[in-house]
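Asker: For reference, the structure I am asking about is given below.
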Amino acid sequence: MTETRSTCPYCGVGCGVIIESDGPQISGVRGDPDHPANFGKLCTKGSTLHLTATPAITRQTRLLQPLLRQQRGQAPVALGWDAALDRVASEFGRIVREHGPDAVGFYISGQLLTEDYYVFNKLAKGLIGTNNVDTNSRLCMSSAVAGYKLTLGADAPPACYDDVNHAQCLFIVGSNAAYAHPILFRRIEAAKQNNPGMKVIVADPRRTDTAEQADLYLPLLPGTDVMLFHGLLHIMLWEGWTDASYIAAHTNGFNELKALVRECTPDVVAQTCGLKKEDLFTAAQWFAQSPATLSLYCQGLNQSSSGTAKNATLINLHLATGQIGKPGAGPFSLTGQPNAMGGREVGGLANLLSAHRDLANPAHRAEVAALWGVADVPSKPGKTAVEMFQAAADGEIKALWIACTNPAQSMPDQATVRRALQRAEFVVVQEAFATAATCDFADLLLPATTWGEKEGTVTNSERRISRVRAAVPPAGEARHDWRIAVDVARRLEAQLRPGLPTLFPYETPESIWNEHRESTRGRDLDITGLSYDMLEQRGPQQWPLREGEKTGRERLYADGVFPTADGKARFSALPYKPVAEQRESRFPFSLTTGRLRDHWHGMTRTGTIGRLFGHVAEPSVQMNPQDMERRGLKNGELVHVTSKRGSVVLPVQGSRTVHTAQAFIAMHWGPEYLSGRSSQGEPLAGVNALTTSAYCPTSKQPELKHAAVKILKA
Ligand code: SF4
């Protein structure tokens with residue numbers, strides 16, 4: 001048996017795993033006792049990874065060779081790799097020649113490795129000359145990115161996991177960490193056990209398993225977080241609980257914010273958020289007066305039409321109370337996906353450039369162009385996820401290359417996404433799993449390697465870079481994501497810059513990573529002191545880790561200096577806005593969405609393991625029993641859940657975790673479990689038949705967490 005150290009491919013906790021293999025087969029997995037994210041522990045998903053890679057499962061689930069669909073609707077037929085790569089290059093080249101570079105789009109993934117991400121970004125922005133490269137991280141962390149940049153000056157989460165052990169108050173908001181980040185939640189439980197005096201506040205519309213552990217549970221109405229944060233600041237100001245000296249020394253913009261929150265009285269906030277006034281006072285006092293307060297937050301803040309405002313106004317509370325830059329204190333966004341951070345580091349979003357540079361900044365564009373050896377990087381902002389699929393549905397984007405993500409299930413407003421995939425002239429799907437719903441829409445399917453087969457790096461929520469290592473050879477003819485992108489890029493170079501030296505000289509992931517490392521020199525995420533060798537010798541490391549430094553930075557801003565022009569953080573005076581689609585008489589329920597404990601994303605991997613259905617066996621819509629009684633509904637009865645965009649049919653289940661006038665459906669169930677129709681009658685599947693593509697005007701992250709629905713007996 002061989003043992004290989006790697007990283008779990010699921011959530012942003014980024015647990016270290018040891019893969020056990022016998023020859024070409026993965027035979028087991030266990031937690032890596034030396035990895036600082038998990039110290040040997042794994043949750044149900046991580047500990048069953050090996051079961052998703054058995055030959056019997058692989059034969060059924062994996063894409064094993066390139067496949068071409070000659071006509072839409074027909075079964076695809078096998079072709080060789082050279083022909084497949086030639087086809088991508090010729091179709092993308094033709095469309096760029098005929099319609100310009102912005103007629104193509106790349107939709108990639110926070111589950112790609114940093115090296116994969118880097119090549120795709122350079123291919124789109126450096127070679128083709130379009131910024132139309134966005135990622136499912138847009139659905140995951142773009143509001144956190146925007147919130148950090150707006151207030152602290154850089155997309156750099158200031159805290160670390162160890163802060164859980166130093167915090168005296170934990171403010172968990174918009175996060176069911178017990179399900180979404182289980183190993184971090186074990187750490188929270190242990191910290192509470194060791195320090196029973198630590199106060200845990202959980203704000204969430206649903207009484208989740210995380211909320212069950214709270215000393216104070218705030219069941220706020222969906223989408224009212226900004227009002228809650230403004231209201232807490234109002235109380236802190238009134239009671240004299242803010243830190244005037246920290247505000248004066250390290251921040252700008254407090255007076256404007258103070259004026260804004262003046263109207264957010266406890267009466268107004270209690271009414272708007274559906275909370276008790278006394279609970280608001282308790283939360284404000286615990287947050288402000290605790291020696292160290294750590295906020296943990298996730299998609300409840302991010303997946304919102306006010307996502308940036310929610311993030312920024314929570315950070316306001318930390319700045320106003322000086323709860324930042326010291327052990328146990330700070331705002332700490334939990335990344336959903338394993339490498340949402342790595343993607344941001346290489347600028348893998350339509351509005352970003354390498355190493356946290358901004359596309360809108362001409363100096364940043366010039367720096368990246370010089371690094372890449374190209375004349376320029378286009379200044380026109382690329383299409384973000386929702387915009388990209390809308391542009392394809394409108395005929396503006398004619399070719400899509402989708403890698404390691406499943407938009408035909410995961411994007412909101414599925415009816416539009418399907419129209420986009422049908423209207424595009426050429427759709428490439430680069431994917432490990434043939435069972436992903438998006439494969440049905442591909443003209444060309446490119447089989448990619450996956451966990452256990454590929455090499456590279458990922459960065460977890462606490463800025464820690466870990467190695468991902470191959471334990472077994474690729475399944476079938478699958479190739480690495482970076483390799484496929486490089487091979488197409490070289491073919492496109494023959495058309496777009498003939499005779500010039502290649503921009504893609506890479507033969508290993510390390511050579512790509514070294515170029516990425518150089519791009520970070522002098523930036524907030526500078527890793528010029530790090531190398532693959534150092535990761536090999538000393539294990540995972542946090543950034544920044546500059547040349548000459550021996551270790552990375554555990555937490556940021558301890559000196560009170562922020563990466564802004566004057567070194568001060570900025571308060572954000574963004575007002576509260578309600579959800580994009582409010583409940584009304586025809587759609588009287590607020591539908592929220594979220595994760596199950598034992599499944600991941602669209603279940604292409606976890607859905608192959610029987611035991612992971614033991615916790616929740618089938619899809620259902622959860623409703624408060626009072627609402628069910630009023631409508632004469634019984635547990636297990638089939639209901640139509642309908643929004644303005646579509647409808648799904650599924651059993652209803654009473655649950656007191658869901659408040660009245662609200663409903664909950666888990667995000668994972670795909671076409672084989674949860675069918676539905678669009679409002680035009682087209683077949684659709686999954687909860688995203690219902691969700692809205694309304695998005696935050698700053699982060700462009702869609703409001704996957706809330707839609708107005710009606711629920712009627714089927
Ligand atoms: Fe994997 Fe996240 Fe579970 Fe850790 S907590 S084992 S990273 S799914």
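Just so we're on the same page: first chain in the structure tokens is A, next is B, and so on; residues restart at 1 for each chain, and ligands are numbered from 1 in the order they show up.
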If you count only C-alpha atoms, which residues fall within 10 Å of region 562-566 of chain A, apart from same-chain ones fewer than 5 positions away, as an MDAnalysis selection string?

Answerer: chainID A and resid 149:156 250:252 523:524 556:557

Asker: I need the residues from that last selection saved to file as a PDB file, in the first residue's frame (with N, CA and C atoms), if you can.

Answerer:
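And here's part22.pdb as it stands now:
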```pdb
ATOM      1  N   LYS A 149     -12.697  44.291   0.258  1.00  0.00           N
ATOM      2  CA  LYS A 149     -12.000  45.362  -0.475  1.00  0.00           C
ATOM      3  C   LYS A 149     -12.575  46.730  -0.124  1.00  0.00           C
ATOM      4  N   LEU A 150     -13.877  46.774   0.016  1.00  0.00           N
ATOM      5  CA  LEU A 150     -14.533  48.043   0.308  1.00  0.00           C
ATOM      6  C   LEU A 150     -14.120  48.601   1.673  1.00  0.00           C
ATOM      7  N   THR A 151     -13.925  47.734   2.636  1.00  0.00           N
ATOM      8  CA  THR A 151     -13.683  48.188   4.008  1.00  0.00           C
ATOM      9  C   THR A 151     -12.212  48.089   4.429  1.00  0.00           C
ATOM     10  N   LEU A 152     -11.602  46.939   4.166  1.00  0.00           N
ATOM     11  CA  LEU A 152     -10.234  46.704   4.653  1.00  0.00           C
ATOM     12  C   LEU A 152      -9.189  46.978   3.585  1.00  0.00           C
ATOM     13  N   GLY A 153      -9.623  47.143   2.337  1.00  0.00           N
ATOM     14  CA  GLY A 153      -8.710  47.537   1.269  1.00  0.00           C
ATOM     15  C   GLY A 153      -8.153  46.389   0.461  1.00  0.00           C
ATOM     16  N   ALA A 154      -8.350  45.146   0.880  1.00  0.00           N
ATOM     17  CA  ALA A 154      -7.847  43.998   0.109  1.00  0.00           C
ATOM     18  C   ALA A 154      -8.683  42.769   0.432  1.00  0.00           C
ATOM     19  N   ASP A 155      -8.707  41.861  -0.516  1.00  0.00           N
ATOM     20  CA  ASP A 155      -9.453  40.607  -0.345  1.00  0.00           C
ATOM     21  C   ASP A 155      -8.617  39.628   0.473  1.00  0.00           C
ATOM     22  N   ALA A 156      -8.456  39.939   1.739  1.00  0.00           N
ATOM     23  CA  ALA A 156      -7.593  39.126   2.587  1.00  0.00           C
ATOM     24  C   ALA A 156      -8.299  38.852   3.916  1.00  0.00           C
ATOM     25  N   HIS A 250      -7.484  54.274  13.223  1.00  0.00           N
ATOM     26  CA  HIS A 250      -7.326  53.291  12.149  1.00  0.00           C
ATOM     27  C   HIS A 250      -8.417  53.291  11.089  1.00  0.00           C
ATOM     28  N   THR A 251      -9.341  54.237  11.164  1.00  0.00           N
ATOM     29  CA  THR A 251     -10.459  54.164  10.212  1.00  0.00           C
ATOM     30  C   THR A 251     -10.822  55.542   9.659  1.00  0.00           C
ATOM     31  N   ASN A 252     -11.587  55.500   8.564  1.00  0.00           N
ATOM     32  CA  ASN A 252     -12.201  56.695   7.975  1.00  0.00           C
ATOM     33  C   ASN A 252     -13.701  56.433   7.812  1.00  0.00           C
ATOM     34  N   ARG A 523       2.598  42.291  -3.497  1.00  0.00           N
ATOM     35  CA  ARG A 523       1.150  42.394  -3.309  1.00  0.00           C
ATOM     36  C   ARG A 523       0.773  41.917  -1.900  1.00  0.00           C
ATOM     37  N   ASP A 524      -0.493  42.137  -1.496  1.00  0.00           N
ATOM     38  CA  ASP A 524      -0.903  41.743  -0.147  1.00  0.00           C
ATOM     39  C   ASP A 524      -0.775  40.241   0.084  1.00  0.00           C
ATOM     40  N   LEU A 556      -3.986  38.948  10.168  1.00  0.00           N
ATOM     41  CA  LEU A 556      -3.582  40.199   9.535  1.00  0.00           C
ATOM     42  C   LEU A 556      -4.029  41.403  10.359  1.00  0.00           C
ATOM     43  N   TYR A 557      -3.407  42.533  10.068  1.00  0.00           N
ATOM     44  CA  TYR A 557      -3.791  43.845  10.597  1.00  0.00           C
ATOM     45  C   TYR A 557      -3.591  43.984  12.112  1.00  0.00           C
TER      46      TYR A 557
END
```

Asker: Compile a residue-level contact table for region 358-475 of chain A against region 349-354 of chain A at a cut-off of 8 Å, reporting for every qualifying residue the shortest atom pair and its distance in Å to one decimal, with only C-alpha atoms counted, rows ordered by chain and ascending number, as CSV.

Answerer:
```
residue,atom,partner,partner_atom,distance
A:Asp358,CA,A:Leu352,CA,4.8
A:Leu359,CA,A:Leu352,CA,5.1
A:Ala360,CA,A:Asn351,CA,7.4
A:His364,CA,A:Leu353,CA,7.7
A:Arg365,CA,A:Leu353,CA,7.5
A:Val368,CA,A:Ser354,CA,6.9
A:Pro381,CA,A:Asn351,CA,5.8
A:Gly382,CA,A:Ala350,CA,4.6
A:Lys383,CA,A:Ala350,CA,6.1
A:Thr384,CA,A:Ala350,CA,5.7
```

Asker: Atoms to include: C-alpha atoms. Write the selected residues as an mmCIF file, in the first residue's frame.

Answerer:
```cif
data_model
loop_
_atom_site.group_PDB
_atom_site.id
_atom_site.type_symbol
_atom_site.label_atom_id
_atom_site.label_comp_id
_atom_site.auth_asym_id
_atom_site.auth_seq_id
_atom_site.Cartn_x
_atom_site.Cartn_y
_atom_site.Cartn_z
ATOM 1 C CA ASP A 358 -8.053 45.119 -10.376
ATOM 2 C CA LEU A 359 -9.028 45.061 -14.012
ATOM 3 C CA ALA A 360 -10.305 48.623 -13.711
ATOM 4 C CA HIS A 364 -2.528 46.847 -12.694
ATOM 5 C CA ARG A 365 -3.369 45.916 -16.277
ATOM 6 C CA VAL A 368 -0.022 41.906 -15.646
ATOM 7 C CA PRO A 381 -14.942 44.253 -17.871
ATOM 8 C CA GLY A 382 -15.828 40.647 -18.583
ATOM 9 C CA LYS A 383 -19.252 39.146 -18.128
ATOM 10 C CA THR A 384 -19.865 37.763 -14.668
#
```

Asker: For a quick check of understanding, using only C-alpha atoms, which of A:Leu232, A:Ser461, A:Gln303, A:Leu319 has the smallest distance to Thr282 (chain A)?

Answerer: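 With only C-alpha atoms as the atom set, the closest residue is A:Leu232.
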
Asker: Run DSSP on the backbone and tell me which residues of region 180-223 of chain A come out as alpha helix (DSSP H); list them as a ChimeraX atom specification.

Answerer: /A:180,182-194,209-212

Asker: Could you report the residues within 10 Å of ligand 1, using only C-alpha atoms and all ligand atoms, as a ChimeraX atom specification?

Answerer: /A:7-17,30-31,37-38,40-49,177-186,336-338,460,597-600

Asker: If you run DSSP over the backbone, which residues in region 270-455 of chain A end up strand (DSSP E or B)? Put them as JSON, numbers by chain.

Answerer: {"A": [293, 294, 295, 296, 297, 330, 331, 332, 333, 352, 353, 357, 358, 399, 400, 401, 402, 403, 426, 427, 428, 429, 430, 431, 433, 444, 445, 446, 447, 448]}

Asker: Excluding Met341 (chain A) and any residue of its chain fewer than 4 positions from it, enumerate the residues within 8 Å of it, using only C-alpha atoms, and give them as a list of chain:residue names.

Answerer: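 That gives A:Gly110, A:Thr335, A:Glu345, A:Val458, A:Thr459, A:Asn460, A:Ser461, A:Arg463.
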
Asker: With only C-alpha atoms as the counted atoms, please give the residues lying no more than 10 Å from Arg656 (chain A), apart from itself and same-chain residues fewer than 6 positions off, as a ChimeraX atom specification.

Answerer: /A:206-208,622-626

Asker: Between CA of Ala436 (chain A) and CA of Arg94 (chain A), what is the spacing in Å?

Answerer: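 CA of Arg94 (chain A) sits 27.8 Å away from CA of Ala436 (chain A).
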
Asker: Could you give me, as a list in words, the residues within 9 Å of Asp526 (chain A), counting only C-alpha atoms and dropping anything in the same chain fewer than 6 positions from it?

Answerer: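 So the residues in contact are Ala355, Arg517, Glu518, Ser519, Thr520, Trp543, Pro544, Leu545, Arg546 and Glu547 of chain A.
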
Asker: Please provide the set of residues having any atom within 12 Å of Ala244 (chain A), restricted to only C-alpha atoms, with same-chain residues fewer than 5 positions apart removed, written as an MDAnalysis selection string.

Answerer: chainID A and resid 236:237 249:251 254:255 319:322

Asker: With distances taken over only C-alpha atoms, which of A:Glu263, A:Glu212, A:Glu672, A:Glu256 is nearest to Ala573 (chain A)?

Answerer: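 Of the candidates, the smallest distance to Ala573 (chain A) is held by A:Glu256.
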